[in-house]
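Participant: Quick one, my_file15.cif (mmCIF, C-alpha atoms and all ligand atoms):
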data_coords
#
loop_
_atom_site.group_PDB
_atom_site.id
_atom_site.type_symbol
_atom_site.label_atom_id
_atom_site.label_comp_id
_atom_site.auth_asym_id
_atom_site.auth_seq_id
_atom_site.Cartn_x
_atom_site.Cartn_y
_atom_site.Cartn_z
ATOM 1 C CA MET A 2 -2.692 22.274 8.949
ATOM 2 C CA ALA A 3 -1.119 21.112 5.724
ATOM 3 C CA TYR A 4 0.781 17.849 5.824
ATOM 4 C CA GLU A 5 4.542 18.013 6.289
ATOM 5 C CA LEU A 6 7.174 15.330 6.631
ATOM 6 C CA SER A 7 9.207 15.228 9.807
ATOM 7 C CA ALA A 8 12.278 17.472 9.721
ATOM 8 C CA GLU A 9 14.485 14.374 9.490
ATOM 9 C CA ASN A 10 12.627 13.060 6.457
ATOM 10 C CA GLN A 11 12.555 16.472 4.789
ATOM 11 C CA GLN A 12 16.326 16.355 5.063
ATOM 12 C CA ARG A 13 16.346 12.847 3.554
ATOM 13 C CA VAL A 14 14.333 14.085 0.578
ATOM 14 C CA LYS A 15 16.884 16.835 0.005
ATOM 15 C CA GLU A 16 19.759 14.365 0.265
ATOM 16 C CA VAL A 17 18.103 12.017 -2.231
ATOM 17 C CA ALA A 18 17.446 14.913 -4.630
ATOM 18 C CA ALA A 19 21.124 15.877 -4.489
ATOM 19 C CA ARG A 20 22.006 12.524 -6.110
ATOM 20 C CA TYR A 21 20.228 13.414 -9.344
ATOM 21 C CA PRO A 22 20.967 16.008 -12.008
ATOM 22 C CA HIS A 23 17.340 17.168 -11.841
ATOM 23 C CA ASN A 24 14.934 17.161 -8.891
ATOM 24 C CA MET A 25 12.213 15.600 -11.066
ATOM 25 C CA SER A 26 14.147 12.336 -10.841
ATOM 26 C CA ALA A 27 13.736 12.361 -7.059
ATOM 27 C CA ILE A 28 9.930 12.421 -7.130
ATOM 28 C CA LEU A 29 9.446 8.661 -6.722
ATOM 29 C CA PRO A 30 12.081 8.264 -3.989
ATOM 30 C CA ALA A 31 10.491 11.221 -2.181
ATOM 31 C CA LEU A 32 7.045 9.610 -2.440
ATOM 32 C CA HIS A 33 8.504 6.436 -0.948
ATOM 33 C CA ILE A 34 9.795 8.475 1.990
ATOM 34 C CA VAL A 35 6.331 9.981 2.540
ATOM 35 C CA PHE A 36 4.734 6.536 2.237
ATOM 36 C CA ALA A 37 7.160 5.021 4.757
ATOM 37 C CA GLU A 38 6.468 7.797 7.260
ATOM 38 C CA ARG A 39 2.725 8.197 6.823
ATOM 39 C CA GLY A 40 1.400 5.016 5.165
ATOM 40 C CA TRP A 41 -0.614 6.847 2.497
ATOM 41 C CA ILE A 42 -0.294 9.845 0.199
ATOM 42 C CA ASP A 43 -2.889 12.456 -0.670
ATOM 43 C CA ARG A 44 -2.817 15.661 -2.633
ATOM 44 C CA GLU A 45 -1.499 17.667 0.308
ATOM 45 C CA ALA A 46 1.427 15.308 0.638
ATOM 46 C CA CYS A 47 2.089 15.627 -3.119
ATOM 47 C CA ASP A 48 2.081 19.412 -2.764
ATOM 48 C CA HIS A 49 4.578 19.126 0.063
ATOM 49 C CA VAL A 50 6.865 16.929 -2.044
ATOM 50 C CA ALA A 51 6.580 19.401 -4.933
ATOM 51 C CA GLU A 52 7.543 22.226 -2.618
ATOM 52 C CA LEU A 53 10.494 20.339 -1.148
ATOM 53 C CA LEU A 54 11.793 19.426 -4.594
ATOM 54 C CA ASP A 55 10.846 22.721 -6.186
ATOM 55 C CA VAL A 56 9.068 21.000 -9.073
ATOM 56 C CA PRO A 57 5.591 21.691 -10.511
ATOM 57 C CA PRO A 58 2.984 19.811 -8.403
ATOM 58 C CA ILE A 59 1.438 18.265 -11.517
ATOM 59 C CA HIS A 60 4.553 16.099 -11.983
ATOM 60 C CA VAL A 61 4.172 14.725 -8.468
ATOM 61 C CA TYR A 62 0.434 14.036 -9.001
ATOM 62 C CA GLU A 63 1.242 12.254 -12.255
ATOM 63 C CA ALA A 64 3.829 9.987 -10.648
ATOM 64 C CA MET A 65 1.609 9.316 -7.659
ATOM 65 C CA THR A 66 -1.486 8.395 -9.666
ATOM 66 C CA PHE A 67 0.374 6.280 -12.237
ATOM 67 C CA TYR A 68 1.228 3.625 -9.646
ATOM 68 C CA THR A 69 -1.193 1.685 -7.488
ATOM 69 C CA TYR A 70 1.590 1.124 -4.967
ATOM 70 C CA PHE A 71 0.804 4.261 -2.972
ATOM 71 C CA PRO A 72 -2.566 4.265 -1.187
ATOM 72 C CA ARG A 73 -4.429 7.568 -1.466
ATOM 73 C CA LYS A 74 -6.383 7.078 1.733
ATOM 74 C CA PRO A 75 -5.410 5.687 5.139
ATOM 75 C CA VAL A 76 -5.061 1.904 5.065
ATOM 76 C CA GLY A 77 -5.219 -0.726 7.775
ATOM 77 C CA LYS A 78 -2.164 -1.931 9.661
ATOM 78 C CA TYR A 79 -2.294 -4.902 7.270
ATOM 79 C CA HIS A 80 -2.907 -3.615 3.782
ATOM 80 C CA ILE A 81 -4.182 -6.583 1.783
ATOM 81 C CA GLN A 82 -3.893 -6.275 -1.982
ATOM 82 C CA LEU A 83 -5.438 -9.303 -3.555
ATOM 83 C CA CYS A 84 -4.796 -9.949 -7.235
ATOM 84 C CA HIS A 85 -7.960 -10.592 -9.229
ATOM 85 C CA ASN A 86 -6.383 -10.919 -12.669
ATOM 86 C CA ILE A 87 -6.853 -13.934 -14.879
ATOM 87 C CA ALA A 88 -4.555 -16.534 -13.265
ATOM 88 C CA CYS A 89 -5.601 -15.623 -9.734
ATOM 89 C CA ASN A 90 -9.223 -15.331 -10.750
ATOM 90 C CA LEU A 91 -9.260 -18.775 -12.330
ATOM 91 C CA ARG A 92 -7.738 -20.186 -9.162
ATOM 92 C CA GLY A 93 -10.250 -18.748 -6.718
ATOM 93 C CA ALA A 94 -9.463 -15.099 -5.979
ATOM 94 C CA GLU A 95 -13.163 -14.218 -5.785
ATOM 95 C CA ASN A 96 -13.763 -16.928 -3.196
ATOM 96 C CA LEU A 97 -10.968 -15.530 -1.090
ATOM 97 C CA ILE A 98 -12.445 -12.029 -1.223
ATOM 98 C CA GLU A 99 -15.806 -13.450 -0.148
ATOM 99 C CA TYR A 100 -14.168 -15.502 2.571
ATOM 100 C CA MET A 101 -12.441 -12.467 4.077
ATOM 101 C CA ARG A 102 -15.673 -10.490 3.971
ATOM 102 C CA ASP A 103 -17.934 -13.191 5.370
ATOM 103 C CA LYS A 104 -15.592 -14.659 7.971
ATOM 104 C CA HIS A 105 -13.656 -11.597 9.102
ATOM 105 C CA GLY A 106 -15.743 -8.598 8.021
ATOM 106 C CA ILE A 107 -12.931 -7.365 5.792
ATOM 107 C CA GLU A 108 -14.714 -5.350 3.112
ATOM 108 C CA GLU A 109 -13.143 -4.074 -0.065
ATOM 109 C CA ASP A 110 -11.859 -0.499 0.032
ATOM 110 C CA ARG A 111 -12.611 -0.056 3.731
ATOM 111 C CA VAL A 112 -10.558 -0.187 6.887
ATOM 112 C CA THR A 113 -11.972 -2.559 9.496
ATOM 113 C CA GLY A 114 -13.287 -0.949 12.689
ATOM 114 C CA ASP A 115 -10.247 -2.114 14.661
ATOM 115 C CA GLY A 116 -7.954 -0.435 12.127
ATOM 116 C CA LEU A 117 -6.181 -3.704 11.354
ATOM 117 C CA PHE A 118 -7.192 -4.597 7.813
ATOM 118 C CA CYS A 119 -8.185 -3.140 4.513
ATOM 119 C CA LEU A 120 -8.572 -4.995 1.272
ATOM 120 C CA HIS A 121 -7.978 -3.768 -2.235
ATOM 121 C CA ARG A 122 -8.401 -5.734 -5.412
ATOM 122 C CA VAL A 123 -5.384 -5.184 -7.642
ATOM 123 C CA GLU A 124 -4.209 -6.143 -11.095
ATOM 124 C CA CYS A 125 -1.497 -8.744 -11.783
ATOM 125 C CA LEU A 126 1.351 -8.509 -9.281
ATOM 126 C CA GLY A 127 3.630 -10.629 -11.441
ATOM 127 C CA ALA A 128 3.461 -13.782 -9.341
ATOM 128 C CA CYS A 129 0.973 -15.694 -11.512
ATOM 129 C CA GLY A 130 2.822 -18.974 -10.919
ATOM 130 C CA GLY A 131 1.735 -18.737 -7.280
ATOM 131 C CA ALA A 132 -1.904 -17.868 -8.027
ATOM 132 C CA PRO A 133 -4.019 -17.011 -6.208
ATOM 133 C CA MET A 134 -1.853 -14.532 -4.403
ATOM 134 C CA MET A 135 -1.898 -11.301 -2.447
ATOM 135 C CA GLN A 136 0.503 -8.689 -1.219
ATOM 136 C CA VAL A 137 0.208 -7.634 2.412
ATOM 137 C CA ASN A 138 2.292 -4.583 3.193
ATOM 138 C CA ASP A 139 5.646 -5.507 1.587
ATOM 139 C CA ASP A 140 5.237 -9.293 1.517
ATOM 140 C CA TYR A 141 3.782 -11.681 -1.059
ATOM 141 C CA TYR A 142 1.636 -14.673 -0.060
ATOM 142 C CA GLU A 143 1.063 -17.242 -2.779
ATOM 143 C CA ASN A 144 -0.930 -20.424 -3.464
ATOM 144 C CA LEU A 145 -3.647 -19.123 -1.174
ATOM 145 C CA SER A 146 -6.673 -21.044 0.032
ATOM 146 C CA PRO A 147 -9.326 -20.112 2.590
ATOM 147 C CA GLU A 148 -7.405 -22.199 5.150
ATOM 148 C CA LYS A 149 -4.180 -20.351 4.468
ATOM 149 C CA ILE A 150 -5.958 -16.990 4.620
ATOM 150 C CA GLU A 151 -7.512 -18.016 7.934
ATOM 151 C CA GLU A 152 -4.122 -18.907 9.381
ATOM 152 C CA LEU A 153 -2.585 -15.621 8.202
ATOM 153 C CA ILE A 154 -5.400 -13.404 9.455
ATOM 154 C CA GLU A 155 -5.547 -15.094 12.838
ATOM 155 C CA GLY A 156 -1.768 -14.762 13.084
ATOM 156 C CA TRP A 157 -1.937 -11.035 12.319
ATOM 157 C CA LYS A 158 -4.698 -10.545 14.843
ATOM 158 C CA ARG A 159 -2.599 -12.269 17.508
ATOM 159 C CA GLU A 160 0.456 -10.267 16.475
ATOM 160 C CA ALA A 161 -1.498 -6.991 16.691
ATOM 161 C CA GLY A 162 -2.775 -8.029 20.110
ATOM 162 C CA ASN A 163 0.826 -8.448 21.174
ATOM 163 C CA GLY A 164 1.626 -4.976 19.896
ATOM 164 C CA ARG A 165 4.160 -6.244 17.366
ATOM 165 C CA ARG A 166 4.761 -5.615 13.655
HETATM 166 S S1 LIG A 201 -2.691 -12.911 -12.306
HETATM 167 FE FE1 LIG A 201 -2.406 -12.749 -10.166
HETATM 168 S S2 LIG A 201 -0.280 -12.418 -9.969
HETATM 169 FE FE2 LIG A 201 -0.601 -12.468 -12.103
#
Written as structure tokens, how would this file's structure read?
Facilitator:
Amino acid sequence: MAYELSAENQQRVKEVAARYPHNMSAILPALHIVFAERGWIDREACDHVAELLDVPPIHVYEAMTFYTYFPRKPVGKYHIQLCHNIACNLRGAENLIEYMRDKHGIEEDRVTGDGLFCLHRVECLGACGGAPMMQVNDDYYENLSPEKIEELIEGWKREAGNGRR
């Protein structure tokens, strides 16, 4: 069955669209609503947004693929986006990627077997002063080291075990 937002969120999309003179302007807010409900966005979800907003699907695909913010496949409960651009790279981003893989089995572009983590390498997230850094879900973590990563990952594992987040 094709993907559809919940009835409540379909209504939210319509309310958001009503704020703009043209429905095209509501494409990004609508994608955020899909992302918040589902955690990722594929072509089916784009088609659904296009249908709700009555806009050509190509405009939704264009918006969706322009930004790296929206994952196109299911992600872990903790979606790790580690910056590997110049400042972060010079300050050890590669070591951190290796550390997560070797110590915790967190491989790039894959969700761990327990569904908790997935790691994506991303371009500059605009926090170069805190390099190396990563974004996990909506939060930034800066001045990272293997020790800090260890503390964070163990904390998230405990948190997940407690059923929180
Ligand atoms: S280079 Fe990593 S945040 Fe800018």
Participant: As a list of chain:residue names, please: every protein or nucleic acid residue near ligand LIG 201 (chain A) (cut-off 9 Å, counting all atoms listed in the file).
Facilitator: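 Counting all atoms listed in the file, the residues within 9 Å of ligand LIG 201 (chain A) come out as A:Leu83, A:Cys84, A:His85, A:Asn86, A:Ile87, A:Ala88, A:Cys89, A:Asn90, A:Leu91, A:Ala94, A:Val123, A:Glu124, A:Cys125, A:Leu126, A:Gly127, A:Ala128, A:Cys129, A:Gly130, A:Gly131, A:Ala132, A:Pro133, A:Met134, A:Met135, A:Glu143.
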Participant: Can you tell me, as JSON, the centre and edge lengths (Å, one decimal) of the axis-aligned box enclosing all of range 34-53 of chain A's listed atoms after padding each side by 4 Å?
Facilitator:
{"center_x": 3.8, "center_y": 13.6, "center_z": 1.2, "size_x": 21.4, "size_y": 25.2, "size_z": 20.2}
Participant: Could you tell me which residues the PyMOL selection byres (((chain A and resi 111) around 10) and not hetatm) grabs in this file, written as a PyMOL selection string?
Facilitator: chain A and resi 74-77+107-110+112-114+116+118-121
Participant: Of the candidates A:Ala46, A:Ala37, A:Asn163, A:Ala18, which shows the shortest atom-to-atom distance to Tyr4 in chain A, using all atoms listed in the file?
Facilitator: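 Nearest to Tyr4 in chain A: A:Ala46.
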Participant: Which neighbours of Asp139 in chain A fall inside 10 Å, counting all atoms listed in the file, when residues of the same chain fewer than 2 positions from it are skipped, and could you give them as a ChimeraX atom specification?
Facilitator: /A:79-81,136-137,141
Participant: To one decimal place, how far is CA of Ile98 in chain A from CA of Ala64 in chain A in Å?
Facilitator: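 So the two atoms, CA of Ile98 in chain A and CA of Ala64 in chain A, lie 29.0 Å apart.
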Participant: Go ahead and compute the interatomic distance for CA of Met25 in chain A and CA of Tyr62 in chain A, in Å to one decimal.
Facilitator: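 That distance, rounded to one decimal, is 12.1 Å.
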Participant: Dump range 116-134 of chain A with C-alpha atoms to a file, as a short mmCIF file (atom, residue, chain, number, x, y, z; two decimals), in the first residue's frame.
Facilitator:
data_model
loop_
_atom_site.label_atom_id
_atom_site.label_comp_id
_atom_site.auth_asym_id
_atom_site.auth_seq_id
_atom_site.Cartn_x
_atom_site.Cartn_y
_atom_site.Cartn_z
CA GLY A 116 18.06 -0.63 15.06
CA LEU A 117 19.75 1.95 17.29
CA PHE A 118 22.40 3.58 15.14
CA CYS A 119 23.24 4.53 11.62
CA LEU A 120 26.12 6.67 10.51
CA HIS A 121 26.33 9.00 7.55
CA ARG A 122 29.28 11.10 6.55
CA VAL A 123 28.10 14.61 5.75
CA GLU A 124 29.55 17.85 4.46
CA CYS A 125 30.19 20.92 6.64
CA LEU A 126 27.41 21.46 9.17
CA GLY A 127 28.55 25.00 9.90
CA ALA A 128 30.07 24.31 13.30
CA CYS A 129 33.73 24.23 12.21
CA GLY A 130 34.82 26.02 15.39
CA GLY A 131 33.78 22.90 17.31
CA ALA A 132 35.49 20.42 14.96
CA PRO A 133 35.31 17.51 14.89
CA MET A 134 31.57 17.45 15.25
#
